[in-house]
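Here's the structure, in structure tokens; my notes come after.
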Amino acid sequence: MLPTLELRIPISPNDKYMRMLHYFVESLKTFGGDIGRNAHCLVVVGEDAEPWDLTEQYPWTKDYSLEFIWVEREVFRKDTYDATGYVRLWHDTDADVIGLVDADLLFVGDFDEIVLEAYEKQCVLGCIAHMTP
């Protein structure tokens with residue numbers, strides 16, 4: 001049985017980020033491997049605005065396993081775009097592995113082996129170069 005994967009992605013609710021998200025999920029669906037193709041994406045949305053339904057504005061979102069959650073407006077006003085990064089850490093999940101990624105990532109190959117290793121070893125397998133886990 002393969003582990004389940006949840007990818008958490010911070011965005012702003014604008015055409016630029018939604019286009020990046022569309023490319024992200026399409027590349028995941030095309031190249032992600034069995035685990036990646038079945039991944040759930042938790043999209044954390046930050047903006048100094050009242051939340052609105054992005055699935056109505058961007059109908060293509062209904063074709064993917066996407067869940068949109070909005071940063072509380074007061075939190076966003078206090079911490080601006082940093083809030084979209086850390087709010088994604090606060091949500092419970094049933095997934096076996098969580099990946100913290102950005103919307104500008106494109107998948108170009110099967111990465112199931114990395115997810116399996118993270119699951120089996122219960123460890124962090126990668127992080128950006130200028131930040132420790």
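All residue names refer to the structure tokens as shown: chains lettered A, B, ... in order, residues numbered from 1 in each chain, ligands numbered from 1 in order.
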Kindly assemble as CSV a list of the stretch 42-107 of chain A residues that lie within 7 Å of stretch 17-34 of chain A, each paired with its nearest atom pair and their distance in Å to one decimal, using only C-alpha atoms, sorted first by chain and then by ascending residue number.
residue,atom,partner,partner_atom,distance
A:Ala103,CA,A:Leu21,CA,5.2
A:Asp104,CA,A:Met20,CA,5.7
A:Leu105,CA,A:Phe24,CA,6.1
A:Leu106,CA,A:Phe24,CA,5.3
A:Phe107,CA,A:Ser27,CA,5.2
Exercise for review: Skip stretch 41-49 of chain A itself and residues of its chain fewer than 2 positions away, then list as a list in words all residues within 7 Å of it, counting only C-alpha atoms.
Suggested key: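 Contacts, with the query itself left out: Glu6, Leu7, Arg8, Ile9, Pro10, Ile11, Ser12, Pro13, Ala39, Pro51, Ser65, Leu66, Glu67, Phe68, Ile69, Trp70, Val71, Arg73, Phe76, Arg77, Tyr81, Thr84 and Arg88 of chain A.
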**Study point:** Two-atom distance - atom CA of A:Trp90, atom CA of A:Val75 (Å)
**Key:** 13.1 Å
Exercise for review: Just list the residues in stretch 16-54 of chain A DSSP gives alpha helix (DSSP H) on the backbone, as a list in words.
Suggested key: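 Going through stretch 16-54 of chain A, the alpha helix (DSSP H) residues come out as Lys16, Tyr17, Met18, Arg19, Met20, Leu21, His22, Tyr23, Phe24, Val25, Glu26, Ser27, Leu28, Lys29, Thr30, Phe31, Gly33, Asp34, Ile35, Gly36, Arg37 and Leu54 of chain A.
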Name the residues of chain A that come out as strand (DSSP E or B) in a backbone DSSP run; write them as a short mmCIF file (atom, residue, chain, number, x, y, z; two decimals) with N, CA, C and O atoms, in the first residue's frame.
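Written output follows (result.cif):
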data_model
loop_
_atom_site.label_atom_id
_atom_site.label_comp_id
_atom_site.auth_asym_id
_atom_site.auth_seq_id
_atom_site.Cartn_x
_atom_site.Cartn_y
_atom_site.Cartn_z
N LEU A 5 -0.10 11.43 0.20
CA LEU A 5 0.69 12.66 0.16
C LEU A 5 -0.23 13.86 0.12
O LEU A 5 -1.22 13.88 -0.62
N GLU A 6 0.10 14.86 0.93
CA GLU A 6 -0.58 16.15 0.86
C GLU A 6 0.48 17.21 0.59
O GLU A 6 1.49 17.27 1.30
N LEU A 7 0.24 18.02 -0.43
CA LEU A 7 1.15 19.11 -0.77
C LEU A 7 0.49 20.41 -0.33
O LEU A 7 -0.67 20.67 -0.65
N ARG A 8 1.23 21.23 0.40
CA ARG A 8 0.71 22.49 0.92
C ARG A 8 1.40 23.66 0.22
O ARG A 8 2.62 23.77 0.24
N ILE A 9 0.55 24.52 -0.38
CA ILE A 9 1.04 25.53 -1.30
C ILE A 9 0.50 26.90 -0.90
O ILE A 9 -0.71 27.11 -0.89
N PRO A 10 1.37 27.88 -0.58
CA PRO A 10 0.89 29.23 -0.28
C PRO A 10 0.77 30.05 -1.57
O PRO A 10 1.65 29.99 -2.43
N ILE A 11 -0.33 30.80 -1.69
CA ILE A 11 -0.51 31.64 -2.88
C ILE A 11 -1.20 32.95 -2.51
O ILE A 11 -1.79 33.08 -1.44
N HIS A 40 -3.23 15.12 -2.50
CA HIS A 40 -4.20 16.18 -2.21
C HIS A 40 -3.40 17.47 -2.03
O HIS A 40 -2.32 17.46 -1.42
N CYS A 41 -3.90 18.58 -2.57
CA CYS A 41 -3.21 19.86 -2.44
C CYS A 41 -4.02 20.80 -1.56
O CYS A 41 -5.18 21.10 -1.86
N LEU A 42 -3.41 21.22 -0.47
CA LEU A 42 -3.99 22.22 0.42
C LEU A 42 -3.39 23.56 0.03
O LEU A 42 -2.18 23.77 0.19
N VAL A 43 -4.21 24.44 -0.52
CA VAL A 43 -3.74 25.72 -1.02
C VAL A 43 -4.11 26.80 -0.01
O VAL A 43 -5.28 27.03 0.27
N VAL A 44 -3.08 27.44 0.55
CA VAL A 44 -3.28 28.47 1.57
C VAL A 44 -3.24 29.83 0.89
O VAL A 44 -2.23 30.20 0.30
N VAL A 45 -4.35 30.54 0.99
CA VAL A 45 -4.54 31.79 0.26
C VAL A 45 -4.42 32.97 1.21
O VAL A 45 -5.08 32.99 2.25
N LEU A 66 -7.93 19.84 -4.99
CA LEU A 66 -7.49 21.09 -4.38
C LEU A 66 -8.44 21.49 -3.26
O LEU A 66 -9.66 21.38 -3.42
N GLU A 67 -7.88 21.95 -2.17
CA GLU A 67 -8.67 22.50 -1.08
C GLU A 67 -8.10 23.88 -0.78
O GLU A 67 -6.91 24.00 -0.48
N PHE A 68 -8.92 24.89 -0.85
CA PHE A 68 -8.49 26.26 -0.58
C PHE A 68 -8.87 26.66 0.84
O PHE A 68 -10.02 26.48 1.24
N ILE A 69 -7.87 27.15 1.58
CA ILE A 69 -8.15 27.74 2.88
C ILE A 69 -7.54 29.14 2.89
O ILE A 69 -6.48 29.36 2.32
N TRP A 70 -8.24 30.04 3.49
CA TRP A 70 -7.79 31.43 3.53
C TRP A 70 -7.16 31.75 4.87
O TRP A 70 -7.66 31.34 5.92
N VAL A 97 2.38 11.67 4.42
CA VAL A 97 3.52 12.55 4.15
C VAL A 97 2.98 13.91 3.73
O VAL A 97 2.02 13.99 2.96
N ILE A 98 3.61 14.96 4.23
CA ILE A 98 3.25 16.32 3.85
C ILE A 98 4.44 16.96 3.16
O ILE A 98 5.56 16.87 3.65
N GLY A 99 4.18 17.60 2.04
CA GLY A 99 5.21 18.35 1.34
C GLY A 99 4.88 19.83 1.36
O GLY A 99 3.76 20.22 1.03
N LEU A 100 5.81 20.64 1.81
CA LEU A 100 5.65 22.09 1.80
C LEU A 100 6.35 22.61 0.55
O LEU A 100 7.57 22.52 0.42
#
Review point. What gap, in Å, lies between atom CA of A:Val101 and atom CA of A:Asp79?
Key: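 Value for the atom CA of A:Val101-atom CA of A:Asp79 distance: 19.4 Å.
Atom to atom, atom CA of A:Leu89 and atom CA of A:Pro59 stand 26.9 Å apart.
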